[in-house]
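Q: You'll find coords-v8.txt just under this line, and it carries compact mmCIF, C-alpha atoms.
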```txt
# COMPACT_ATOMS: atom_id res chain seq x y z
CA MET A 10 58.37 37.48 23.71
CA LYS A 11 55.94 40.37 23.25
CA THR A 12 52.59 38.59 23.43
CA LEU A 13 49.57 38.94 25.69
CA VAL A 14 50.19 35.44 27.00
CA HIS A 15 53.76 36.28 28.01
CA LEU A 16 52.54 39.58 29.50
CA PHE A 17 50.10 37.67 31.70
CA GLU A 18 52.74 35.12 32.71
CA ASP A 19 55.14 37.93 33.69
CA SER A 20 52.48 39.65 35.77
CA VAL A 21 51.57 36.43 37.57
CA ARG A 22 55.24 35.96 38.49
CA LYS A 23 55.56 39.54 39.74
CA TYR A 24 52.15 40.05 41.36
CA GLY A 25 50.85 36.55 42.09
CA ASN A 26 49.17 37.40 45.40
CA ASN A 27 47.74 40.73 44.22
CA ASN A 28 43.99 40.74 43.61
CA LEU A 29 43.42 40.91 39.87
CA LEU A 30 39.64 40.44 39.56
CA TRP A 31 36.67 41.61 41.62
CA GLU A 32 33.22 40.19 40.89
CA LYS A 33 29.87 40.46 42.66
CA LYS A 34 27.58 37.47 42.18
CA GLU A 35 25.75 37.51 45.50
CA GLU A 36 25.87 40.03 48.35
CA LYS A 37 29.36 41.45 48.00
CA TYR A 38 32.40 41.66 45.75
CA GLU A 39 34.83 38.78 46.01
CA PRO A 40 38.49 39.05 44.88
CA THR A 41 40.55 36.63 42.80
CA ASN A 42 44.32 36.99 42.82
CA PHE A 43 46.65 36.57 39.86
CA ASN A 44 47.70 33.05 40.87
CA ASP A 45 44.14 31.77 41.09
CA ALA A 46 43.15 33.54 37.87
CA LYS A 47 46.01 31.78 36.10
CA LYS A 48 44.72 28.39 37.29
CA SER A 49 41.30 29.13 35.79
CA VAL A 50 42.85 30.32 32.52
CA TYR A 51 44.99 27.19 32.31
CA LYS A 52 42.05 24.86 32.90
CA PHE A 53 39.89 26.50 30.25
CA ALA A 54 42.71 26.67 27.72
CA ALA A 55 43.63 23.03 28.29
CA GLY A 56 39.96 22.07 27.95
CA LEU A 57 39.88 23.79 24.55
CA LEU A 58 42.93 21.76 23.53
CA GLU A 59 41.08 18.62 24.59
CA LEU A 60 38.22 19.70 22.30
CA GLY A 61 40.64 19.98 19.39
CA ILE A 62 41.18 23.72 19.14
CA LYS A 63 44.23 24.48 16.99
CA LYS A 64 46.46 27.52 16.48
CA GLY A 65 44.73 30.05 14.28
CA ASP A 66 41.20 28.81 14.97
CA LYS A 67 38.64 31.52 15.71
CA LEU A 68 36.39 31.49 18.76
CA ALA A 69 33.85 34.24 19.49
CA LEU A 70 33.02 35.66 22.92
CA LEU A 71 29.64 37.25 23.64
CA SER A 72 29.16 38.12 27.30
CA GLU A 73 28.87 40.90 29.81
CA GLY A 74 32.08 41.76 31.67
CA ARG A 75 32.84 39.20 34.38
CA ASN A 76 35.70 37.02 35.60
CA ASP A 77 34.85 34.31 33.06
CA TRP A 78 35.27 36.87 30.28
CA ILE A 79 38.95 37.23 31.22
CA TYR A 80 39.40 33.47 31.63
CA SER A 81 37.74 32.91 28.26
CA GLU A 82 39.80 35.40 26.28
CA LEU A 83 43.11 34.41 27.84
CA GLY A 84 42.20 30.75 27.56
CA VAL A 85 41.61 31.15 23.83
CA LEU A 86 44.89 33.04 23.44
CA TYR A 87 46.85 30.37 25.34
CA THR A 88 45.83 27.81 22.71
CA GLY A 89 47.17 30.05 19.94
CA ALA A 90 43.63 30.61 18.68
CA VAL A 91 42.05 33.99 17.91
CA ASN A 92 39.34 35.55 20.06
CA VAL A 93 36.49 37.39 18.33
CA PRO A 94 34.98 39.60 21.08
CA LEU A 95 31.41 40.69 20.30
CA SER A 96 29.39 43.60 21.67
CA ILE A 97 26.43 42.74 23.90
CA LYS A 98 24.51 45.49 22.08
CA LEU A 99 24.40 43.49 18.85
CA ASP A 100 21.13 42.07 17.58
CA SER A 101 20.72 38.58 16.16
CA GLN A 102 21.46 39.46 12.54
CA GLU A 103 24.57 41.43 13.48
CA ILE A 104 25.80 38.47 15.52
CA LYS A 105 25.13 36.11 12.60
CA PHE A 106 27.18 38.27 10.22
CA ARG A 107 30.17 38.41 12.56
CA LEU A 108 30.15 34.72 13.41
CA ASN A 109 29.95 33.66 9.77
CA HIS A 110 32.38 36.31 8.52
CA SER A 111 35.02 35.46 11.14
CA GLU A 112 34.54 31.71 10.57
CA ALA A 113 34.25 31.15 14.31
CA ARG A 114 34.33 27.45 15.26
CA MET A 115 32.87 28.04 18.71
CA LEU A 116 30.97 30.73 20.57
CA ILE A 117 31.42 31.42 24.27
CA ILE A 118 28.20 33.01 25.48
CA SER A 119 26.38 34.12 28.65
CA ARG A 120 22.81 33.32 29.63
CA ASN A 121 21.56 36.86 28.93
CA GLN A 122 22.94 36.81 25.38
CA GLU A 123 22.02 33.25 24.45
CA LYS A 124 18.41 34.11 23.58
CA LYS A 125 19.68 36.17 20.63
CA LEU A 126 20.72 32.94 18.90
CA VAL A 127 17.24 31.43 18.76
CA GLU A 128 16.25 32.95 15.41
CA ILE A 129 19.64 32.35 13.76
CA LYS A 130 20.55 28.91 15.11
CA ASP A 131 20.09 27.29 11.69
CA GLU A 132 22.05 30.00 9.86
CA LEU A 133 25.48 29.38 11.40
CA PRO A 134 26.95 26.56 9.30
CA LEU A 135 30.52 26.94 10.59
CA LEU A 136 29.68 27.09 14.29
CA GLU A 137 30.45 23.73 15.88
CA LYS A 138 29.72 24.42 19.56
CA LYS A 139 28.25 26.90 21.97
CA ILE A 140 30.19 27.18 25.23
CA LEU A 141 27.74 28.27 27.94
CA LEU A 142 29.20 30.38 30.74
CA ASP A 143 26.14 29.80 32.94
CA GLU A 144 24.77 26.48 34.14
CA LYS A 145 21.91 25.00 32.12
CA GLU A 146 20.02 21.72 32.13
CA ASN A 147 19.07 19.69 29.06
CA LEU A 148 21.92 20.76 26.82
CA ASN A 149 21.60 20.42 23.07
CA GLU A 150 24.06 18.29 21.13
CA ASN A 151 26.22 21.27 20.14
CA GLU A 152 26.27 22.85 23.62
CA ILE A 153 28.82 22.40 26.39
CA LEU A 154 29.21 24.11 29.74
CA PHE A 155 32.22 26.30 30.48
CA SER A 156 32.59 24.41 33.76
CA GLU A 157 32.72 21.07 31.91
CA ILE A 158 35.51 22.34 29.65
CA CYS A 159 37.45 23.40 32.75
CA GLN A 160 37.01 19.91 34.20
CA LYS A 161 38.32 18.41 30.97
CA GLY A 162 41.20 20.87 31.12
CA ASP A 163 42.09 19.89 34.66
CA LEU A 164 42.49 16.27 33.56
CA PHE A 165 44.39 17.31 30.43
CA LEU A 166 46.90 19.28 32.49
CA GLN A 167 47.54 16.30 34.75
CA LYS A 168 48.42 14.11 31.78
CA ASN A 169 49.70 16.50 29.12
CA ILE A 170 51.28 19.48 30.86
CA GLU A 171 54.27 19.46 28.46
CA GLU A 172 51.96 19.70 25.44
CA PHE A 173 50.10 22.60 27.05
CA ILE A 174 53.29 24.52 27.85
CA SER A 175 54.70 23.86 24.39
CA ARG A 176 51.54 25.23 22.79
CA TRP A 177 51.42 28.57 24.61
CA GLN A 178 55.17 29.06 24.39
CA SER A 179 54.94 28.65 20.60
CA ILE A 180 52.80 31.80 20.26
CA GLU A 181 54.65 34.56 18.43
CA GLU A 182 54.37 38.32 18.43
CA ASN A 183 52.74 38.60 15.02
CA ASP A 184 50.19 35.86 15.66
CA TYR A 185 46.63 37.17 15.65
CA ALA A 186 45.03 37.83 19.04
CA ASN A 187 41.66 39.41 18.20
CA ILE A 188 39.32 40.18 15.37
CA CYS A 189 37.45 43.28 16.52
CA TYR A 190 34.46 44.36 14.46
CA SER A 191 33.56 47.94 13.61
CA SER A 192 30.04 49.17 14.39
CA GLY A 193 28.78 48.71 10.83
CA THR A 194 26.96 52.03 10.95
CA THR A 195 27.58 53.01 7.32
CA ALA A 196 28.22 49.60 5.69
CA ASP A 197 28.87 45.99 6.58
CA SER A 198 30.97 45.74 9.71
CA LYS A 199 34.70 45.35 9.12
CA GLY A 200 36.79 42.83 11.02
CA ILE A 201 39.97 44.49 12.29
CA ILE A 202 42.74 41.99 12.94
CA LEU A 203 44.94 42.83 15.93
CA SER A 204 48.10 40.90 16.70
CA HIS A 205 49.64 40.18 20.08
CA LEU A 206 52.32 42.74 19.24
CA ASN A 207 49.68 45.40 18.43
CA TYR A 208 48.33 45.14 21.98
CA TYR A 209 51.68 44.66 23.65
CA THR A 210 53.14 47.78 22.04
CA ASN A 211 50.18 49.94 23.05
CA ILE A 212 50.32 48.65 26.62
CA TYR A 213 54.01 49.34 27.06
CA GLN A 214 53.69 52.75 25.45
CA ALA A 215 51.00 53.49 28.02
CA LYS A 216 53.23 52.19 30.81
CA SER A 217 55.96 54.59 29.71
CA LEU A 218 53.60 57.55 30.13
CA LEU A 219 51.74 56.76 33.33
CA THR A 220 51.93 54.62 36.44
CA ILE A 221 49.07 52.65 37.93
CA PRO A 222 49.95 51.63 41.51
CA GLU A 223 49.45 47.96 42.35
CA HIS A 224 46.71 48.73 44.88
CA PHE A 225 44.57 50.58 42.31
CA ILE A 226 41.23 49.11 41.20
CA THR A 227 39.18 50.15 38.19
CA LEU A 228 35.48 49.46 37.74
CA LEU A 229 35.48 48.58 34.05
CA ILE A 230 32.35 50.22 32.66
CA LEU A 231 33.54 50.43 29.05
CA PRO A 232 32.43 47.63 26.68
CA TRP A 233 34.93 44.84 27.27
CA ASP A 234 34.85 43.74 23.62
CA HIS A 235 36.28 47.06 22.41
CA ALA A 236 39.99 47.35 21.61
CA PHE A 237 40.36 50.43 23.84
CA ALA A 238 38.87 48.66 26.86
CA HIS A 239 41.13 45.70 26.09
CA THR A 240 44.21 47.88 26.12
CA ALA A 241 43.51 50.50 28.76
CA GLY A 242 41.08 48.62 30.96
CA VAL A 243 42.25 45.00 30.94
CA TYR A 244 45.84 44.45 29.86
CA THR A 245 47.36 47.69 31.11
CA PHE A 246 46.00 46.93 34.58
CA ILE A 247 47.27 43.36 34.31
CA GLY A 248 50.68 44.72 33.32
CA PHE A 249 50.81 46.93 36.41
CA GLY A 250 49.55 44.23 38.79
CA ALA A 251 46.42 46.24 39.56
CA GLY A 252 42.77 45.19 39.95
CA ILE A 253 39.77 45.04 37.61
CA ALA A 254 36.21 45.00 38.93
CA SER A 255 33.21 44.13 36.74
CA ILE A 256 29.71 45.56 36.93
CA GLN A 257 27.30 43.25 38.72
CA VAL A 258 25.36 41.54 35.92
CA GLY A 259 21.58 41.89 36.18
CA LYS A 260 18.83 39.91 34.51
CA SER A 261 18.51 42.61 31.85
CA PRO A 262 20.74 45.34 30.38
CA MET A 263 18.76 47.98 32.27
CA GLU A 264 19.19 46.16 35.58
CA THR A 265 22.93 45.92 34.96
CA LEU A 266 23.02 49.64 34.18
CA ARG A 267 21.23 50.42 37.44
CA ASN A 268 23.87 48.49 39.36
CA ILE A 269 26.65 50.91 38.37
CA PRO A 270 26.10 53.60 41.09
CA THR A 271 25.89 50.94 43.80
CA ASN A 272 28.97 49.16 42.46
CA ILE A 273 30.95 52.42 42.43
CA ARG A 274 30.15 52.94 46.12
CA GLU A 275 31.12 49.35 46.90
CA ILE A 276 34.38 49.20 44.93
CA LYS A 277 35.44 52.83 45.39
CA PRO A 278 37.54 52.64 42.20
CA HIS A 279 40.69 54.70 41.98
CA MET A 280 40.12 55.14 38.23
CA ILE A 281 37.17 54.86 35.87
CA LEU A 282 37.55 54.87 32.09
CA THR A 283 34.71 56.57 30.22
```
In structure tokens, what does this structure look like?
A:
Amino acid sequence: MKTLVHLFEDSVRKYGNNNLLWEKKEEKYEPTNFNDAKKSVYKFAAGLLELGIKKGDKLALLSEGRNDWIYSELGVLYTGAVNVPLSIKLDSQEIKFRLNHSEARMLIISRNQEKKLVEIKDELPLLEKKILLDEKENLNENEILFSEICQKGDLFLQKNIEEFISRWQSIEENDYANICYSSGTTADSKGIILSHLNYYTNIYQAKSLLTIPEHFITLLILPWDHAFAHTAGVYTFIGFGAGIASIQVGKSPMETLRNIPTNIREIKPHMILT
């Protein structure tokens, strides 16, 4: 089956012990291999099932590039739902338009981006929950931690593994994977619907033209929400069993930007997409 979920499953089988993700939270980059990444994806996806996410539901993702970004997108896709990746450069009103237009039930969001929701929190009638990637005390009624969903998912998998497997194996090639929004420079932003087969075809066309050795690592500087970064920076590397490193996230966009030269020296990427 030509879906992103099946692509990931195939890569885990082929390259399970290869390091897929590299993230720097403290003093140095730490790797996560394909097998361990799959466990995190499964837990989050199963947690979404526990919360009642159904095939075709839309969930939005607003975060800087990090391991949890991959777990979030793949987790959404494993449920048969549609991910709506949003640019971290958007302002509050642009976020409101995209969330309402896409009819997103839930929003997965990082600490740095959450403050953008303050002025629009009462203007999102369809948004049921915010899923917080970073720990936070005193949660509001409609907030839940990413880590809590993973805990729910762990229990769900122990009791309902057949239901989980049946769900992701039911995903078909023409099912929607993403709604990617245009910049909205000249008019209201347009939501471009991309299917699993759209991505899969582009990835395997790329694989027919070039080879990325398994030991290669890219430092993914491109915006992760963009369809090109999805294809060339995330899923093509997954398909080849290669590694993806994220920029160390700072407390502000400028601090994150300043981390890039240091991160390049630390990762020594074999390829950078610009």
Q: From the set A:Phe225, A:Tyr213, A:Tyr38, A:Tyr51, which residue has the shortest atom-to-atom contact distance to A:Gln167, counting only C-alpha atoms?
A: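 Closest residue, counting only C-alpha atoms: A:Tyr51.
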Q: To one decimal in Å, tell me the separation between atom CA of A:Lys47 and atom CA of A:Ile273.
A: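 Going from atom CA of A:Lys47 over to atom CA of A:Ile273 covers 26.3 Å.
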Q: Hey, can you check how far atom CA of A:Thr41 sits from atom CA of A:Ile170?
A: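 The value is 23.5 Å.
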Q: For A:Ser81, which residue out of A:Ala46, A:Ile97, A:Leu126, A:Leu108 is the nearest one, using only C-alpha atoms?
A: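 Looking at the shortest contact to A:Ser81, the residue is A:Ala46.
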Q: Around stretch 104-114 of chain A, with edges along x, y and z and 6 Å added on all six sides, what centre and edge lengths do you get, in Å to one decimal, as AutoDock Vina command-line options?
A:
```
--center_x 30.1 --center_y 33.0 --center_z 12.0 --size_x 21.9 --size_y 23.0 --size_z 19.0
```
Q: One number please: atom CA of A:Thr240 to atom CA of A:Leu83, in Å, one decimal.
A: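 We find that atom CA of A:Thr240 and atom CA of A:Leu83 lie 13.6 Å from each other.
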